[in-house]
$ cat run10.cif   # mmCIF, C-alpha atoms
data_protein
loop_
_atom_site.group_PDB
_atom_site.id
_atom_site.type_symbol
_atom_site.label_atom_id
_atom_site.label_comp_id
_atom_site.auth_asym_id
_atom_site.auth_seq_id
_atom_site.Cartn_x
_atom_site.Cartn_y
_atom_site.Cartn_z
ATOM 1 C CA MET A 1 68.787 101.419 123.115
ATOM 2 C CA ARG A 2 67.248 104.490 124.736
ATOM 3 C CA ALA A 3 66.039 107.137 122.311
ATOM 4 C CA PHE A 4 63.883 110.245 122.334
ATOM 5 C CA ALA A 5 61.193 109.638 119.735
ATOM 6 C CA TYR A 6 57.774 110.752 118.507
ATOM 7 C CA ASP A 7 54.834 108.366 118.127
ATOM 8 C CA SER A 8 52.866 110.941 116.124
ATOM 9 C CA TYR A 9 53.584 114.163 114.257
ATOM 10 C CA GLY A 10 53.008 117.227 116.387
ATOM 11 C CA GLY A 11 52.665 115.181 119.558
ATOM 12 C CA PRO A 12 54.969 115.157 122.574
ATOM 13 C CA GLY A 13 58.151 113.169 122.261
ATOM 14 C CA SER A 14 59.247 110.742 124.962
ATOM 15 C CA ILE A 15 61.919 108.236 125.876
ATOM 16 C CA HIS A 16 61.563 104.924 124.029
ATOM 17 C CA GLU A 17 63.360 101.604 124.165
ATOM 18 C CA LEU A 18 64.125 100.785 120.527
ATOM 19 C CA PRO A 19 66.146 98.065 118.794
ATOM 20 C CA ASP A 20 69.838 98.795 118.320
ATOM 21 C CA PRO A 21 70.514 99.841 114.699
ATOM 22 C CA THR A 22 72.866 97.739 112.577
ATOM 23 C CA ARG A 23 75.242 99.325 110.078
ATOM 24 C CA GLU A 24 74.939 98.527 106.389
ATOM 25 C CA ALA A 25 77.439 98.823 103.542
ATOM 26 C CA GLY A 26 79.036 102.263 103.512
ATOM 27 C CA GLN A 27 77.907 103.006 107.056
ATOM 28 C CA VAL A 28 79.358 103.128 110.539
ATOM 29 C CA ARG A 29 77.476 102.757 113.786
ATOM 30 C CA VAL A 30 78.126 105.524 116.290
ATOM 31 C CA ARG A 31 77.639 105.519 120.043
ATOM 32 C CA VAL A 32 76.267 109.042 120.328
ATOM 33 C CA ARG A 33 77.619 111.390 122.970
ATOM 34 C CA ALA A 34 75.914 114.590 121.805
ATOM 35 C CA ALA A 35 73.418 115.637 119.135
ATOM 36 C CA SER A 36 72.233 119.083 118.109
ATOM 37 C CA LEU A 37 68.896 120.476 116.981
ATOM 38 C CA ASN A 38 68.239 122.585 113.902
ATOM 39 C CA PRO A 39 65.014 124.365 112.872
ATOM 40 C CA PHE A 40 64.541 121.711 110.171
ATOM 41 C CA ASP A 41 64.255 119.063 112.888
ATOM 42 C CA ASN A 42 61.303 120.918 114.378
ATOM 43 C CA PHE A 43 59.631 121.073 110.951
ATOM 44 C CA VAL A 44 60.026 117.282 110.748
ATOM 45 C CA VAL A 45 58.500 116.452 114.143
ATOM 46 C CA GLN A 46 55.626 118.879 113.569
ATOM 47 C CA GLY A 47 54.780 116.991 110.368
ATOM 48 C CA TYR A 48 55.507 119.755 107.861
ATOM 49 C CA MET A 49 57.778 117.450 105.833
ATOM 50 C CA LYS A 50 55.743 114.228 106.025
ATOM 51 C CA GLU A 51 54.405 114.434 102.458
ATOM 52 C CA ARG A 52 57.788 115.143 100.873
ATOM 53 C CA MET A 53 59.947 113.123 103.262
ATOM 54 C CA PRO A 54 57.841 110.445 104.983
ATOM 55 C CA ALA A 55 59.328 108.663 107.977
ATOM 56 C CA GLU A 56 58.361 105.582 109.942
ATOM 57 C CA LEU A 57 57.038 106.049 113.460
ATOM 58 C CA PRO A 58 58.287 106.171 116.151
ATOM 59 C CA LEU A 59 60.406 108.936 114.666
ATOM 60 C CA VAL A 60 63.835 109.632 116.177
ATOM 61 C CA PRO A 61 64.746 113.204 115.162
ATOM 62 C CA CYS A 62 67.962 115.078 114.382
ATOM 63 C CA ALA A 63 71.002 114.320 112.221
ATOM 64 C CA ASP A 64 73.966 116.193 113.762
ATOM 65 C CA LEU A 65 76.124 114.058 116.017
ATOM 66 C CA SER A 66 79.341 113.579 117.898
ATOM 67 C CA GLY A 67 80.362 110.205 119.271
ATOM 68 C CA ILE A 68 82.553 107.130 118.905
ATOM 69 C CA ILE A 69 82.381 104.458 116.208
ATOM 70 C CA ASP A 70 81.552 101.003 117.580
ATOM 71 C CA MET A 71 80.808 99.161 114.336
ATOM 72 C CA VAL A 72 82.054 99.523 110.741
ATOM 73 C CA GLY A 73 80.221 98.288 107.664
ATOM 74 C CA PRO A 74 81.688 96.933 104.444
ATOM 75 C CA GLY A 75 82.978 99.503 101.982
ATOM 76 C CA VAL A 76 83.918 102.046 104.641
ATOM 77 C CA GLU A 77 87.294 103.692 104.190
ATOM 78 C CA ASP A 78 89.407 105.788 106.588
ATOM 79 C CA PHE A 79 87.384 104.987 109.736
ATOM 80 C CA LYS A 80 87.699 102.243 112.344
ATOM 81 C CA ILE A 81 86.117 101.132 115.606
ATOM 82 C CA GLY A 82 87.118 103.524 118.388
ATOM 83 C CA ASP A 83 87.415 106.648 116.228
ATOM 84 C CA ASP A 84 85.905 109.806 117.711
ATOM 85 C CA VAL A 85 83.796 111.366 114.963
ATOM 86 C CA PHE A 86 81.321 114.150 114.261
ATOM 87 C CA GLY A 87 79.066 114.977 111.340
ATOM 88 C CA VAL A 88 75.577 114.071 110.143
ATOM 89 C CA THR A 89 73.887 110.743 109.530
ATOM 90 C CA GLY A 90 73.470 111.320 105.795
ATOM 91 C CA ARG A 91 70.416 109.071 105.901
ATOM 92 C CA MET A 92 66.621 109.197 105.724
ATOM 93 C CA ILE A 93 64.952 111.298 108.393
ATOM 94 C CA GLY A 94 63.371 109.549 111.340
ATOM 95 C CA GLN A 95 66.315 107.347 112.278
ATOM 96 C CA GLY A 96 68.207 110.152 113.920
ATOM 97 C CA THR A 97 70.716 111.007 116.588
ATOM 98 C CA LEU A 98 68.648 111.601 119.744
ATOM 99 C CA ALA A 99 69.533 108.059 120.721
ATOM 100 C CA GLU A 100 72.308 106.072 122.323
ATOM 101 C CA LEU A 101 73.200 104.579 118.937
ATOM 102 C CA THR A 102 72.791 105.685 115.339
ATOM 103 C CA THR A 103 74.250 104.844 111.947
ATOM 104 C CA ALA A 104 75.878 107.286 109.556
ATOM 105 C CA SER A 105 77.345 107.328 106.088
ATOM 106 C CA TRP A 106 81.137 107.352 106.212
ATOM 107 C CA THR A 107 81.119 110.210 103.662
ATOM 108 C CA THR A 108 79.250 112.625 105.972
ATOM 109 C CA ILE A 109 81.410 112.327 109.087
ATOM 110 C CA ALA A 110 84.945 113.341 110.043
ATOM 111 C CA LYS A 111 87.345 112.551 112.859
ATOM 112 C CA ARG A 112 86.863 114.823 115.850
ATOM 113 C CA PRO A 113 90.063 116.513 117.026
ATOM 114 C CA ALA A 114 90.697 116.169 120.761
ATOM 115 C CA ALA A 115 90.664 119.971 121.067
ATOM 116 C CA ILE A 116 86.943 120.062 120.213
ATOM 117 C CA GLN A 117 84.525 118.815 122.863
ATOM 118 C CA ASP A 118 81.584 116.594 121.926
ATOM 119 C CA THR A 119 78.950 119.257 122.602
ATOM 120 C CA GLU A 120 80.673 121.739 120.319
ATOM 121 C CA ALA A 121 81.395 119.126 117.653
ATOM 122 C CA ALA A 122 77.726 118.119 117.583
ATOM 123 C CA ALA A 123 76.708 121.760 117.158
ATOM 124 C CA MET A 124 78.949 122.327 114.151
ATOM 125 C CA PRO A 125 78.085 120.072 111.169
ATOM 126 C CA LEU A 126 74.925 121.329 109.460
ATOM 127 C CA VAL A 127 75.166 124.986 110.445
ATOM 128 C CA GLY A 128 78.933 125.171 110.018
ATOM 129 C CA VAL A 129 78.886 123.645 106.545
ATOM 130 C CA SER A 130 75.904 125.819 105.559
ATOM 131 C CA ALA A 131 77.860 128.908 106.602
ATOM 132 C CA LEU A 132 81.009 127.690 104.881
ATOM 133 C CA MET A 133 79.154 127.150 101.595
ATOM 134 C CA SER A 134 77.422 130.537 101.914
ATOM 135 C CA VAL A 135 80.676 132.413 102.457
ATOM 136 C CA GLU A 136 82.372 130.491 99.650
ATOM 137 C CA ALA A 137 79.518 131.510 97.332
ATOM 138 C CA ALA A 138 79.753 135.156 98.420
ATOM 139 C CA ASP A 139 83.545 134.990 98.014
ATOM 140 C CA PRO A 140 84.302 138.241 99.884
ATOM 141 C CA LYS A 141 87.626 139.997 99.401
ATOM 142 C CA PRO A 142 89.403 141.920 102.180
ATOM 143 C CA GLU A 143 87.445 145.051 103.177
ATOM 144 C CA ASP A 144 84.347 143.962 101.237
ATOM 145 C CA VAL A 145 81.153 144.803 103.112
ATOM 146 C CA VAL A 146 79.244 141.571 103.802
ATOM 147 C CA VAL A 147 75.827 141.610 105.462
ATOM 148 C CA VAL A 148 74.837 138.520 107.475
ATOM 149 C CA VAL A 149 71.092 138.379 108.150
ATOM 150 C CA GLY A 150 70.227 136.205 111.152
ATOM 151 C CA ALA A 151 73.738 136.695 112.497
ATOM 152 C CA SER A 152 73.170 135.326 115.995
ATOM 153 C CA GLY A 153 71.677 132.041 114.816
ATOM 154 C CA GLY A 154 73.551 128.812 114.240
ATOM 155 C CA ILE A 155 74.382 129.395 110.572
ATOM 156 C CA GLY A 156 74.698 133.148 110.944
ATOM 157 C CA GLY A 157 77.149 132.911 113.824
ATOM 158 C CA TYR A 158 79.539 130.794 111.781
ATOM 159 C CA ALA A 159 79.000 132.952 108.671
ATOM 160 C CA VAL A 160 80.017 136.087 110.594
ATOM 161 C CA GLN A 161 83.237 134.405 111.667
ATOM 162 C CA LEU A 162 84.084 132.845 108.303
ATOM 163 C CA ALA A 163 83.529 136.145 106.471
ATOM 164 C CA ALA A 164 85.643 137.983 109.047
ATOM 165 C CA ILE A 165 88.442 135.412 108.620
ATOM 166 C CA ARG A 166 88.556 136.439 104.948
ATOM 167 C CA GLY A 167 89.013 140.063 105.997
ATOM 168 C CA ALA A 168 85.478 141.209 105.213
ATOM 169 C CA HIS A 169 83.790 144.138 106.947
ATOM 170 C CA VAL A 170 80.861 142.227 108.448
ATOM 171 C CA VAL A 171 77.506 143.885 109.111
ATOM 172 C CA ALA A 172 75.473 141.658 111.416
ATOM 173 C CA VAL A 173 71.679 141.941 111.233
ATOM 174 C CA THR A 174 70.206 140.426 114.367
ATOM 175 C CA SER A 175 67.584 140.928 117.056
ATOM 176 C CA LYS A 176 67.883 143.080 120.142
ATOM 177 C CA GLY A 177 70.084 141.667 122.884
ATOM 178 C CA HIS A 178 72.540 139.891 120.605
ATOM 179 C CA GLU A 179 74.725 142.868 119.678
ATOM 180 C CA GLU A 180 77.622 142.001 121.995
ATOM 181 C CA TYR A 181 77.551 138.336 120.966
ATOM 182 C CA VAL A 182 77.856 138.994 117.218
ATOM 183 C CA ARG A 183 80.587 141.582 117.781
ATOM 184 C CA LYS A 184 82.579 138.945 119.668
ATOM 185 C CA LEU A 185 82.182 136.683 116.652
ATOM 186 C CA GLY A 186 83.778 139.313 114.410
ATOM 187 C CA ALA A 187 81.029 141.676 113.267
ATOM 188 C CA THR A 188 82.215 145.238 112.637
ATOM 189 C CA GLU A 189 78.712 146.723 112.601
ATOM 190 C CA VAL A 190 75.412 145.567 114.054
ATOM 191 C CA ILE A 191 71.887 146.422 112.899
ATOM 192 C CA ASP A 192 68.960 145.619 115.193
ATOM 193 C CA ARG A 193 66.317 144.409 112.753
ATOM 194 C CA GLY A 194 63.569 145.314 115.199
ATOM 195 C CA ALA A 195 64.666 148.924 115.645
ATOM 196 C CA GLY A 196 63.904 150.239 112.169
ATOM 197 C CA ASP A 197 64.199 149.652 108.439
ATOM 198 C CA VAL A 198 67.243 147.446 107.766
ATOM 199 C CA LEU A 199 67.425 148.427 104.086
ATOM 200 C CA GLU A 200 67.445 152.132 104.898
ATOM 201 C CA ALA A 201 70.119 151.577 107.527
ATOM 202 C CA LEU A 202 72.306 149.771 104.984
ATOM 203 C CA LYS A 203 71.792 152.453 102.336
ATOM 204 C CA SER A 204 72.653 155.251 104.754
ATOM 205 C CA ARG A 205 75.780 153.531 106.018
ATOM 206 C CA HIS A 206 76.963 152.095 102.692
ATOM 207 C CA ALA A 207 75.734 154.360 99.935
ATOM 208 C CA GLY A 208 77.899 152.661 97.325
ATOM 209 C CA GLY A 209 76.281 149.315 98.002
ATOM 210 C CA VAL A 210 77.466 146.222 99.824
ATOM 211 C CA ALA A 211 79.403 143.358 98.260
ATOM 212 C CA ALA A 212 77.191 140.547 99.509
ATOM 213 C CA ILE A 213 74.209 139.561 101.597
ATOM 214 C CA ILE A 214 74.333 136.176 103.322
ATOM 215 C CA ASP A 215 70.740 135.561 104.379
ATOM 216 C CA THR A 216 69.645 132.752 106.668
ATOM 217 C CA ILE A 217 66.057 133.712 107.520
ATOM 218 C CA SER A 218 64.279 135.969 104.986
ATOM 219 C CA ASP A 219 61.474 134.957 102.664
ATOM 220 C CA ALA A 220 61.572 135.845 98.960
ATOM 221 C CA ALA A 221 59.840 139.215 99.335
ATOM 222 C CA GLY A 222 61.995 140.281 102.257
ATOM 223 C CA LEU A 223 65.227 139.256 100.577
ATOM 224 C CA ALA A 224 64.244 140.926 97.292
ATOM 225 C CA ARG A 225 63.877 144.204 99.143
ATOM 226 C CA LEU A 226 67.110 143.846 101.110
ATOM 227 C CA SER A 227 68.923 143.036 97.872
ATOM 228 C CA GLN A 228 68.489 146.660 96.792
ATOM 229 C CA ALA A 229 71.492 147.361 99.035
ATOM 230 C CA VAL A 230 73.808 145.122 96.958
ATOM 231 C CA ARG A 231 76.059 146.732 94.374
ATOM 232 C CA LYS A 232 76.359 145.538 90.793
ATOM 233 C CA GLY A 233 78.632 142.516 90.636
ATOM 234 C CA GLY A 234 77.727 141.529 94.189
ATOM 235 C CA THR A 235 76.179 138.328 95.513
ATOM 236 C CA VAL A 236 73.065 137.363 97.432
ATOM 237 C CA THR A 237 72.868 133.951 99.121
ATOM 238 C CA SER A 238 69.847 132.388 100.788
ATOM 239 C CA MET A 239 69.373 129.366 103.018
ATOM 240 C CA ARG A 240 65.643 129.374 102.255
ATOM 241 C CA GLY A 241 65.657 129.276 98.467
ATOM 242 C CA ALA A 242 64.633 132.937 98.457
ATOM 243 C CA ALA A 243 67.268 134.400 96.123
ATOM 244 C CA ALA A 244 65.571 135.225 92.799
ATOM 245 C CA ALA A 245 68.246 134.499 90.210
ATOM 246 C CA GLU A 246 66.428 135.973 87.205
ATOM 247 C CA GLU A 247 65.491 139.265 88.837
ATOM 248 C CA LEU A 248 68.847 139.759 90.532
ATOM 249 C CA GLY A 249 70.641 138.800 87.341
ATOM 250 C CA LYS A 250 68.997 141.742 85.563
ATOM 251 C CA ARG A 251 70.881 143.993 87.984
ATOM 252 C CA GLY A 252 74.161 142.147 87.528
ATOM 253 C CA ILE A 253 73.903 140.460 90.920
ATOM 254 C CA ASN A 254 74.741 136.806 91.482
ATOM 255 C CA ALA A 255 72.035 134.804 93.308
ATOM 256 C CA VAL A 256 72.883 131.557 95.101
ATOM 257 C CA ASN A 257 70.386 129.372 96.934
ATOM 258 C CA ILE A 258 72.425 127.151 99.212
ATOM 259 C CA GLY A 259 71.673 123.441 99.321
ATOM 260 C CA THR A 260 73.831 122.234 102.184
ATOM 261 C CA GLN A 261 76.001 119.222 101.408
ATOM 262 C CA VAL A 262 77.906 117.958 104.431
ATOM 263 C CA ASN A 263 80.992 115.944 103.560
ATOM 264 C CA THR A 264 84.230 114.935 105.227
ATOM 265 C CA ALA A 265 86.345 117.581 103.511
ATOM 266 C CA ARG A 266 84.136 120.457 104.681
ATOM 267 C CA LEU A 267 83.937 119.078 108.212
ATOM 268 C CA ASP A 268 87.729 118.733 108.263
ATOM 269 C CA GLU A 269 88.085 122.361 107.158
ATOM 270 C CA LEU A 270 85.845 123.589 109.966
ATOM 271 C CA ALA A 271 87.624 121.426 112.518
ATOM 272 C CA GLN A 272 91.008 122.740 111.387
ATOM 273 C CA LEU A 273 89.868 126.368 111.688
ATOM 274 C CA ARG A 274 88.520 125.666 115.171
ATOM 275 C CA THR A 275 91.681 123.827 116.241
ATOM 276 C CA GLU A 276 93.791 126.758 115.035
ATOM 277 C CA GLY A 277 91.665 129.133 117.120
ATOM 278 C CA LYS A 278 90.278 130.964 114.089
ATOM 279 C CA LEU A 279 86.698 129.904 114.831
ATOM 280 C CA GLN A 280 84.934 130.354 118.155
ATOM 281 C CA SER A 281 82.382 127.991 119.585
ATOM 282 C CA PRO A 282 78.828 129.324 119.302
ATOM 283 C CA GLN A 283 76.731 129.850 122.403
ATOM 284 C CA ILE A 284 75.535 126.382 123.342
ATOM 285 C CA ARG A 285 72.636 125.462 125.592
ATOM 286 C CA THR A 286 72.611 121.801 126.631
ATOM 287 C CA PHE A 287 69.812 119.400 127.575
ATOM 288 C CA THR A 288 69.836 115.779 128.701
ATOM 289 C CA LEU A 289 68.163 113.116 126.563
ATOM 290 C CA ASP A 290 65.347 112.895 129.115
ATOM 291 C CA HIS A 291 64.668 116.608 128.598
ATOM 292 C CA ALA A 292 65.040 116.696 124.804
ATOM 293 C CA GLY A 293 61.422 117.849 124.595
ATOM 294 C CA ASP A 294 62.461 121.062 126.335
ATOM 295 C CA ALA A 295 65.061 121.581 123.619
ATOM 296 C CA PHE A 296 62.334 121.415 120.964
ATOM 297 C CA THR A 297 60.320 123.934 122.930
ATOM 298 C CA ALA A 298 63.351 126.217 123.079
ATOM 299 C CA ILE A 299 63.987 125.993 119.338
ATOM 300 C CA GLY A 300 61.211 128.492 118.705
ATOM 301 C CA GLN A 301 62.692 131.021 121.088
ATOM 302 C CA SER A 302 65.098 133.699 119.895
ATOM 303 C CA ALA A 303 68.030 132.741 122.092
ATOM 304 C CA GLY A 304 70.799 132.605 119.466
ATOM 305 C CA GLY A 305 73.534 129.996 119.292
ATOM 306 C CA LYS A 306 72.839 126.260 119.314
ATOM 307 C CA LEU A 307 70.839 123.695 121.273
ATOM 308 C CA VAL A 308 72.613 120.415 122.065
ATOM 309 C CA VAL A 309 71.338 117.235 123.696
ATOM 310 C CA THR A 310 73.892 115.175 125.593
ATOM 311 C CA ILE A 311 73.376 111.430 125.497
#
$ encode --input "run10.cif" --output "structure tokens"
Amino acid sequence: MRAFAYDSYGGPGSIHELPDPTREAGQVRVRVRAASLNPFDNFVVQGYMKERMPAELPLVPCADLSGIIDMVGPGVEDFKIGDDVFGVTGRMIGQGTLAELTTASWTTIAKRPAAIQDTEAAAMPLVGVSALMSVEAADPKPEDVVVVVGASGGIGGYAVQLAAIRGAHVVAVTSKGHEEYVRKLGATEVIDRGAGDVLEALKSRHAGGVAAIIDTISDAAGLARLSQAVRKGGTVTSMRGAAAAEELGKRGINAVNIGTQVNTARLDELAQLRTEGKLQSPQIRTFTLDHAGDAFTAIGQSAGGKLVVTI
């Protein structure tokens, strides 16, 4: 099979001819039509995870996928050859989805509705489930003020929409040039994080405090400061493990560090919301497999939305 792979950490990736993978018990093999990139994938190929999560070389990156099942292993339930599916591999890193074929756990994929195109389906799994879990943890009620930090990114874009679906008053914190985009996603207010002090802006606009902060990008120090805007009884979530439970607990604030767990039920929920027209597709920029290296270059740019490689 053709795959985009890395022969060394931090080096340039290139097209390889690799052996076709074979499914094992509990797995399906998927003929990949589209795969998406996440910041974590860049950390992997740069070698930042090699001590904690070693992978064999050549390393095929990425885990998000959309495609069609062409082989089913023993112990797999609910899926058959010919099913259109999307999700994540649910496997060790390095045997990823920037390839014509990959294998995936049957518990981390779902059937792709015909109303959702492959490129969009591939963009949804990790970021969509991360946003879903973040909003569930924040549990906003109608009219609650919810701040989404990193609102134009993959996770943030879905979090804005999912919070708005619940009736929340969403304050999107993003970079300059993304104001119109996040408003289209459902943000009521927008704060340009480069134009001034975000905390002071929140305090001046919402003196009584906000109900929740859903943070996708801040480090511990930055989030600790922003958390001063949260009222007692509110919630702070972090995708970076930056929510300090002990310190926030002293102020009566719930801290939740999200560990994303993609499963069929959560993917089905996202697909249903999209099929019903309640969720919009994020901005998607596509690349061919031959130009997947350009997608990794673009991942460090502040473009918003998602990057998808078509196979």
$ closest_residue --input "run10.cif" --among "A:Ala229, A:Val236, A:Val45, A:Leu289" --to "A:Gly249" --atoms "all atoms listed in the file"
A:Val236
$ closest_residue --input "run10.cif" --among "A:Gly241, A:Gly156, A:Gly10, A:Gly209" --to "A:Ala221" --atoms "only C-alpha atoms"
A:Gly241
$ residues_around --input "run10.cif" --residues "A:Lys111" --least-positions-apart "4" --cutoff "12 Å" --atoms "all atoms listed in the file" --output "number ranges by chain"
A: 65-69, 78-87, 106-107, 115-116, 118, 121, 263-272
$ resolve_selection --input "run10.cif" --expression "the PyMOL selection byres ((chain A and resi 182) around 12)" --output "VMD selection string"
chain A and resid 148 to 154 156 to 161 164 170 to 181 183 to 192 280 282 to 283 304 to 305
$ atom_distance --input "run10.cif" --atom1 "atom CA of A:Val147" --atom2 "atom CA of A:Val210"
7.5 Å
$ resolve_selection --input "run10.cif" --expression "the PyMOL selection byres ((chain A and resi 255) around 9)" --output "ChimeraX atom specification"
/A:234-238,243-246,248-249,253-254,256-257
$ axis_aligned_box --input "run10.cif" --around "stretch 25-41 of chain A" --padding-each-side "4 Å" --output "lines of an AutoDock Vina configuration file"
center_x = 71.8
center_y = 111.6
center_z = 113.2
size_x = 23.1
size_y = 33.5
size_z = 27.5
$ closest_residue --input "run10.cif" --among "A:Val44, A:Leu199, A:Met239, A:Ile15" --to "A:Val127" --atoms "only C-alpha atoms"
A:Met239
$ residues_around --input "run10.cif" --residues "stretch 28-30 of chain A" --least-positions-apart "3" --cutoff "7 Å" --atoms "all atoms listed in the file" --output "list in words"
Thr22, Arg23, Gly67, Ile68, Ile69, Asp70, Met71, Val72, Gly73, Leu101, Thr102, Thr103, Ala104, Ser105 and Trp106 of chain A
$ resolve_selection --input "run10.cif" --expression "the PyMOL selection byres ((chain A and resi 222) around 12)" --output "ChimeraX atom specification"
/A:149,197-199,215-221,223-228,238,240,242-244
$ decode --input "run10.cif" --residues "stretch 61-94 of chain A" --atoms "C-alpha atoms" --output "PDB file, in the first residue's frame"
ATOM      1  CA  PRO A  61       1.052   9.268  11.465  1.00  0.00           C
ATOM      2  CA  CYS A  62      -2.518  10.239  12.342  1.00  0.00           C
ATOM      3  CA  ALA A  63      -5.488   8.351  13.789  1.00  0.00           C
ATOM      4  CA  ASP A  64      -8.652  10.079  12.495  1.00  0.00           C
ATOM      5  CA  LEU A  65     -10.180   8.409   9.466  1.00  0.00           C
ATOM      6  CA  SER A  66     -13.100   7.996   7.136  1.00  0.00           C
ATOM      7  CA  GLY A  67     -13.331   5.088   4.729  1.00  0.00           C
ATOM      8  CA  ILE A  68     -14.885   1.725   3.910  1.00  0.00           C
ATOM      9  CA  ILE A  69     -14.372  -1.578   5.718  1.00  0.00           C
ATOM     10  CA  ASP A  70     -12.779  -4.250   3.521  1.00  0.00           C
ATOM     11  CA  MET A  71     -11.909  -6.848   6.161  1.00  0.00           C
ATOM     12  CA  VAL A  72     -13.449  -7.826   9.519  1.00  0.00           C
ATOM     13  CA  GLY A  73     -11.624  -9.620  12.313  1.00  0.00           C
ATOM     14  CA  PRO A  74     -13.011 -12.129  14.792  1.00  0.00           C
ATOM     15  CA  GLY A  75     -14.954 -10.698  17.709  1.00  0.00           C
ATOM     16  CA  VAL A  76     -16.195  -7.657  15.802  1.00  0.00           C
ATOM     17  CA  GLU A  77     -19.855  -6.825  16.281  1.00  0.00           C
ATOM     18  CA  ASP A  78     -22.171  -4.481  14.345  1.00  0.00           C
ATOM     19  CA  PHE A  79     -19.817  -3.920  11.381  1.00  0.00           C
ATOM     20  CA  LYS A  80     -19.397  -5.740   8.073  1.00  0.00           C
ATOM     21  CA  ILE A  81     -17.403  -5.508   4.856  1.00  0.00           C
ATOM     22  CA  GLY A  82     -18.666  -2.581   2.782  1.00  0.00           C
ATOM     23  CA  ASP A  83     -19.728  -0.371   5.698  1.00  0.00           C
ATOM     24  CA  ASP A  84     -18.777   3.297   5.394  1.00  0.00           C
ATOM     25  CA  VAL A  85     -17.217   4.268   8.719  1.00  0.00           C
ATOM     26  CA  PHE A  86     -15.400   7.077  10.503  1.00  0.00           C
ATOM     27  CA  GLY A  87     -13.563   7.333  13.798  1.00  0.00           C
ATOM     28  CA  VAL A  88     -10.055   6.705  15.112  1.00  0.00           C
ATOM     29  CA  THR A  89      -7.783   3.685  14.944  1.00  0.00           C
ATOM     30  CA  GLY A  90      -7.749   3.146  18.708  1.00  0.00           C
ATOM     31  CA  ARG A  91      -4.308   1.589  18.342  1.00  0.00           C
ATOM     32  CA  MET A  92      -0.636   2.293  19.025  1.00  0.00           C
ATOM     33  CA  ILE A  93       0.762   5.365  17.311  1.00  0.00           C
ATOM     34  CA  GLY A  94       2.860   4.902  14.208  1.00  0.00           C
TER      35      GLY A  94
END
